[in-house]
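Scroll down for the structure; my scribbles are underneath it.
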Amino acid sequence: MRLATASLAALAVGLATPAFAQDGGEQPQARSGGVTVITVTAQKREENVQDVPIAISAFSSEALQERAVGDVSGLSAISPNVTLDASTPFSGSTAVLGATIRGIGSSDFAFNIDPAVGVYLDGVYLGRSIGANQDLLDVERIEVLKGPQGTLFGRNTIGGAISIVTTIPGDEFRAKGDITVGSFARMQARGVVEIPLTDGLSSSVAFSIMDRKGYQKRVPYPGGVGDADSYTRFVAADYQTADRQGGDHSYSLRGKLHWDNGSSVRATLSADYTKVDQESTPNTVLAVTPIPGPFAGLAGNNIPGTALDVVTGSSGFLFAGLYNFCISSTAAEIAARNATALCGPRSSNDGYNTLAGLASRNVDGDPFNDVLPYDSRWVSTDIDESYATGNNFSDLEQGGVALDLSVDLSSDITLRSISSYRKVDFAAGVDLDNSPLPILQTSFTVVQKQWSQEVQLNGSLLDNSLNFVLGGYYFKEKGDLHDYVTFAGGLLQVDGPGAVDTEALAAFGQIDWKINDWIGIVLGGRYTTEDKQYDGGQADANGFNYKLFNCLTTGTDGLPDDACRAGLGFPVAGQPFRYYPEQPNKQSFNNFSFKAGVQVYPTDDVMIYGSFSQGYKTGGWTTRLSNPLPVAPTFGEEEAESWELGVKSTILDRKLQLNAAAFSTKYDGIQLNFQQGVSPTVQNAGTARIKGFEVEAVAAPTDMLTINASVGYIDATYTNVLAPAQVAANPFQAGVAAGSSLPKAPKWKLNISPRLEVPVGDGSLVLLADWTHTTGMRNDTEGTYLIMRPTTDMVNASVTYEPGNGNWSLTVGGTNLTDERYIVTGQAQIAGGQIYGTYSRPAEWYARLGFEF
């Protein structure tokens with residue numbers, strides 16, 4: 001870090017002689033012999049990105065299209081120190097965004113876990129990671145802000161913020177669109193029409209349709225499946241299947257009305273809607289864990305006097321080994337291990353104990369009821385094929401309305417209001433075991449509604465040398481979630497409803513004062529108060545604990561009686577299967593985030609800045625339990641403090657834009673997500689120190705050639721991990737302790753993208769290439785070896801012809817041309833019986849015909 005800071009200072013001194021600028025790390029293109037500047041609103045007002053003392057990567061719509069970026073996750077390859085994944089473990093949906101900036105992020109889509117990187121659509125915060133991987137429809141630009149943004153953006157921007165700004169309709173008719181075909185029968189159409197209605201009132205309608213086959217095929221298991229139970233016998237969010245995974249079938253709409261007649265009042269009313277009805281994400285089983293070895297003796301695996309003794313020496317942890325024992329053991333062997341109830345009748349969606357048991361299925365002399373064991377035959381041998389037969393769907397409906405109203409109170413002061421309502425309705429189902437057996441089946445529903453209101457008072461004083469913003473913010477969120485998970489042929493059947501209610505209020509302000517031509521300062525702060533409520537009802541429909549401890553006395557309703565319930569610690573009378581306690585179901589959080597900075601302007605084209613900023617991410621509850629608890633497990637907020645030194649410049653007669661930033665972040669109260677048995681759990685169990693730097697450059701040496709380049713380095717390691725959350729190194733995992741790396745934080749990321757525009761007749765030919773080198777990283781907290789992401793080199797390229805009149809264009813291109821495949825996301829479900837992951841998309845081609853008039 002000292003070397004990076006010293007190098008940055010030397011760079012600033014060297015640049016001060018010519019001329020320098022800041023962060024627009026991507027988008028600008030050569031125009032009239034120089035680099036085009038982009039305007040951003042990172043400080044709640046329109047500014048040249050080079051004048052903003054924040055590390056920002058900004059991308060125009062033209063750059064996004066040329067570089068084949070179709071959704072938010074596509075920004076990952078071209079933004080240094082940014083990791084954006086389309087999907088998170090077992091979410092089953094590419095609409096879910098796993099976002100990490102500078103080592104701080106979240107890779108869980110659960111309603112109880114808030115994102116660490118805020119995503120904003122036209123100034124409106126999207127409260128859930130579900131649906132945050134937005135289709136970039138009719139986008140004017142995207143701004144990626146790095147580091148804590150707690151002052152102006154608020155809660156849950158501890159890692160950074162991503163601001164999506166869509167196009168405001170103009171006062172002239174315009175129509176623009178494109179049709180794209182490509183690999184896996186891809187058929188995509190997008191378009192926007194802007195229509196002036198009256199003097200001052202204009203409108204626009206945009207649409208996008210996408211259809212593409214999945215890149216992973218489901219194929220029949222060649223050896224026969226025996227008398228396997230259908231996935232439809234167990235309770236789930238829905239029952240849908242398909243013969244492929246990883247496909248796309250979606251459409252989006254956006255409409256706008258914009259009023260601006262030159263008076264003091266301006267308003268934009270917008271509405272958007274997205275419908276996704278497609279397959280789940282692909283899944284590959286990398287290892288099965290009911291095997292002999294060190295995991296046979298893990299805590300909780302071997303309880304003398306209970307049926308857990310049956311898996312000693314034969315199971316990865318619990319359930320898959322128990323399943324194998326039940327089907328392959330005689331009644332006497334099962335009784336000797338005290339497992340008669342466990343291997344006996346199971347619950348189904350018809351009710352408690354309504355499905356025949358697993359006991360002795362393969363040794364009872366009846367070949368017609370035999371079932372396959374769960375063993376190494378289910379480790380995937382082809383990452384683009386699966387033997388799974390269970391649920392396979394991802395359905396999402398989301399949309400909202402917003403009113404952006406601005407009133408000029410004077411020539412220097414503007415009052416702005418952003419009002420919004422949004423809704424997400426999500427359901428997904430994934431078969432994660434690569435088999436026709438119901439060994440690990442997950443499905444979910446989430447319905448979320450949010451209301452937000454932001455008021456800003458923006459102004460300037462002292463001949464525009466002092467700019468200020470004062471504001472207030474209100475956010476209300478309500479929703480329901482329901483998790484369904486079937487483990488090991490129904491031995492454990494998680495049925496987890498829940499309800500969330502969040503209300504947050506904030507007041508914020510910031511001043512930017514350029515004291516003289518040489519120096520400026522920034523001071524800002526934000527106070528947030530937040531009340532959250534969670535009512536959880538997670539239960540086990542199969543009553544595993546009752547069968548485990550042979551507490552089988554039933555009441556008149558046929559369910560375990562209250563004496564058994566109380567004796568085994570189930571917390572709610574009258575609900576014998578409910579793990580989740582009723583209290584505490586409310587939490588309150590308060591936070592003050594502060595920012596201070598100074599800017600030095602050695603020349604008109606160079607800014608050197610230093611800043612200190614804070615941010616926080618709200619707390620919540622662990623909702624996924626696999627044992628009853630007397631008190632609901634809570635976790636507190638995360639906090640980050642970051643120091644940053646940066647320089648921004650545009651030099652060589654605007655032929656080179658060069659921006660750099662070095663940072664050091666203290667990261668406290670880390671909400672570590674790690675496995676306890678079959679359950680992903682969250683605790684404030686770690687602290688970390690994160691150091692690094694970014695350099696972003698755009699060179700336009702001639703009118704024909706533009707080169708975008710960037711490099712990011714990050715050293716993100718835990719400085720302390722509390723003992724309950726530590727995971728020792730073992731044959732499957734590197735472990736978690738002080739000195740371990742944070743997930744989704746590669747040491748190095750390099751990108752270079754040359755763009756050459758060659759005259760051809762009265763038109764032009766644009767040749768573009770894109771290379772991204774990313775070093776290896778952890779994909780999960782525990783550092784599971786099999787799902788670690790290796791060092792990758794991704795190459796994209798395209799050729800575009802555009803005639804002189806510019807009314808149409810034809811592009812032919814390819815993505816991932818070297819067919820680099822890696823695990824995007826995954827999980828070590830050792831207790832459930834497998835380690836699995838989702839591989840990245842293969843090499844693909846596309847051809848796009850665009851038009852504009």
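Chain labels run A, B, ... following the order of the structure tokens; each chain numbers its residues from 1, and ligands are numbered from 1 in the order shown.
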
Exercise for the section: For Leu810 in chain A, please output as a list in words all residues within 6 Å (counting only C-alpha atoms; exclusion window: fewer than 4 positions along the same chain). Expected result: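 Returned residues: Thr800, Tyr801, Arg848 and Leu849 of chain A.
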
Exercise for the section: Would you mind listing what lies within 7 Å of Ala161 in chain A as a list in words, with only C-alpha atoms counted and same-chain residues fewer than 6 positions away left out? Expected result: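 That gives Val117, Gly118, Val119, Val144, Leu145, Lys146 and Gln149 of chain A.
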
Handout entry: Long-range neighbours of range 343-355 of chain A as a VMD selection string, 9 Å cut-off, only C-alpha atoms, 2 positions minimum in chain
Key = chain A and resid 232 to 236 322 to 323 325 to 327 334 339 to 341 357 to 360 489 to 491 493 541 to 543 547 558 to 559

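Considering only C-alpha atoms, the residue among A:Ala632, A:Ile195, A:Leu767, A:Ala685 positioned nearest to Ile707 in chain A is A:Leu767.
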
Exercise for the section: Determine which residues of range 309-455 of chain A DSSP labels as strand (DSSP E) from the backbone of this structure, then write them out as number ranges by chain. Expected result: A: 346-348, 351-355, 385-386, 392-408, 413-431, 440-455

Please provide as a compact mmCIF listing (two decimals) with N, CA, C and O atoms, in the first residue's frame all residues within 8 Å of Ile101 in chain A, with the sequence filter that same-chain residues fewer than 6 positions apart are discarded (counting only C-alpha atoms).
# COMPACT_ATOMS: atom_id res chain seq x y z
N ASN A 81 -11.34 -3.92 -9.65
CA ASN A 81 -11.71 -4.17 -8.25
C ASN A 81 -13.22 -4.28 -8.05
O ASN A 81 -13.75 -3.95 -6.99
N VAL A 82 -13.91 -4.77 -9.07
CA VAL A 82 -15.36 -4.96 -9.02
C VAL A 82 -15.66 -6.39 -9.48
O VAL A 82 -15.18 -6.82 -10.53
N THR A 83 -16.45 -7.13 -8.68
CA THR A 83 -16.91 -8.46 -9.05
C THR A 83 -18.42 -8.48 -8.99
O THR A 83 -19.02 -8.28 -7.93
N VAL A 117 -23.60 -3.52 -1.78
CA VAL A 117 -23.43 -2.58 -2.89
C VAL A 117 -24.82 -2.15 -3.33
O VAL A 117 -25.64 -2.99 -3.74
N LYS A 146 -16.93 3.56 -6.21
CA LYS A 146 -16.17 2.60 -5.41
C LYS A 146 -15.86 3.15 -4.04
O LYS A 146 -15.54 4.33 -3.88
N GLY A 147 -15.97 2.28 -3.05
CA GLY A 147 -15.75 2.67 -1.68
C GLY A 147 -17.04 3.07 -1.00
O GLY A 147 -18.09 3.22 -1.65
N GLY A 159 -19.86 -1.07 0.33
CA GLY A 159 -18.84 -1.39 -0.67
C GLY A 159 -18.80 -0.38 -1.80
O GLY A 159 -17.74 -0.11 -2.38
N GLY A 160 -19.94 0.19 -2.13
CA GLY A 160 -20.02 1.14 -3.24
C GLY A 160 -21.45 1.21 -3.75
O GLY A 160 -22.38 0.70 -3.11

Exercise for the section: Excluding Gly574 in chain A and residues on its chain fewer than 2 positions from it, collect all residues at most 10 Å away from it, counting only C-alpha atoms, and give them as a PyMOL selection string. Expected result: chain A and resi 559-562+565+570-572+576-578

Practice task
Compile the contact shell of Thr330 in chain A as a list in words: residues with an atom at most 10 Å away, counting only C-alpha atoms, same-chain residues fewer than 6 positions apart removed.
Solution key: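 Once the nearby chain positions are removed, what remains is Ala336, Ala359, Ser360, Arg361, Asn362, Val363 and Asp364 of chain A.
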
Practice task
Just give me the gap between CA of Asp138 in chain A and CA of Val192 in chain A in Å, one decimal is fine.
Solution key: 6.8 Å

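Checking A:Asp375, A:Leu505, A:Ile54, A:Leu396 one by one against Ala132 in chain A, counting only C-alpha atoms, you find the shortest gap at A:Leu396.
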
Exercise for the section: Give me, please, the distance in Å between CA of Cys551 in chain A and CA of Pro628 in chain A, quoted to one decimal. Expected result: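 It comes out at 14.8 Å.
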
Exercise for the section: Could you find all residues in range 238-389 of chain A that DSSP calls helix (DSSP H, G or I) from the backbone, and write them as a PyMOL selection string? Expected result: chain A and resi 294-297+307-311+319-328+331-336+367-369+376-378

Which residues of range 758-800 of chain A come within 9 Å of range 721-736 of chain A, and what is each one's closest atom pair and distance in Å (one decimal), counting only C-alpha atoms, sorted by chain and residue number, as a Markdown table?
| residue | atom | partner | partner_atom | distance |
| --- | --- | --- | --- | --- |
| A:Thr781 | CA | A:Val736 | CA | 7.0 |
| A:Glu782 | CA | A:Gly735 | CA | 5.0 |
| A:Gly783 | CA | A:Ala734 | CA | 5.0 |
| A:Thr784 | CA | A:Gln733 | CA | 4.1 |
| A:Tyr785 | CA | A:Gln733 | CA | 5.5 |
| A:Leu786 | CA | A:Phe732 | CA | 7.5 |

Just-selected residues, N, CA, C and O atoms written as an mmCIF file, in the first residue's frame:
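Wrote selection09.cif, looks like this:
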data_model
loop_
_atom_site.group_PDB
_atom_site.id
_atom_site.type_symbol
_atom_site.label_atom_id
_atom_site.label_comp_id
_atom_site.auth_asym_id
_atom_site.auth_seq_id
_atom_site.Cartn_x
_atom_site.Cartn_y
_atom_site.Cartn_z
ATOM 1 N N THR A 781 -16.990 -18.074 1.645
ATOM 2 C CA THR A 781 -16.271 -17.668 2.851
ATOM 3 C C THR A 781 -15.242 -18.702 3.263
ATOM 4 O O THR A 781 -14.106 -18.363 3.623
ATOM 5 N N GLU A 782 -15.628 -19.992 3.203
ATOM 6 C CA GLU A 782 -14.756 -21.048 3.723
ATOM 7 C C GLU A 782 -13.582 -21.379 2.813
ATOM 8 O O GLU A 782 -12.702 -22.142 3.208
ATOM 9 N N GLY A 783 -13.567 -20.865 1.613
ATOM 10 C CA GLY A 783 -12.479 -21.181 0.693
ATOM 11 C C GLY A 783 -12.531 -22.609 0.199
ATOM 12 O O GLY A 783 -11.507 -23.305 0.171
ATOM 13 N N THR A 784 -13.703 -23.056 -0.219
ATOM 14 C CA THR A 784 -13.849 -24.418 -0.737
ATOM 15 C C THR A 784 -13.027 -24.547 -2.025
ATOM 16 O O THR A 784 -13.222 -23.804 -2.981
ATOM 17 N N TYR A 785 -12.112 -25.515 -2.034
ATOM 18 C CA TYR A 785 -11.168 -25.628 -3.149
ATOM 19 C C TYR A 785 -11.871 -25.827 -4.484
ATOM 20 O O TYR A 785 -11.521 -25.201 -5.490
ATOM 21 N N LEU A 786 -12.857 -26.697 -4.510
ATOM 22 C CA LEU A 786 -13.463 -27.063 -5.780
ATOM 23 C C LEU A 786 -14.271 -25.934 -6.417
ATOM 24 O O LEU A 786 -14.530 -25.966 -7.624
#

Fill in the blank from the handout: re CA of Asn590 in chain A and CA of Tyr527 in chain A: distance 7.5 Å
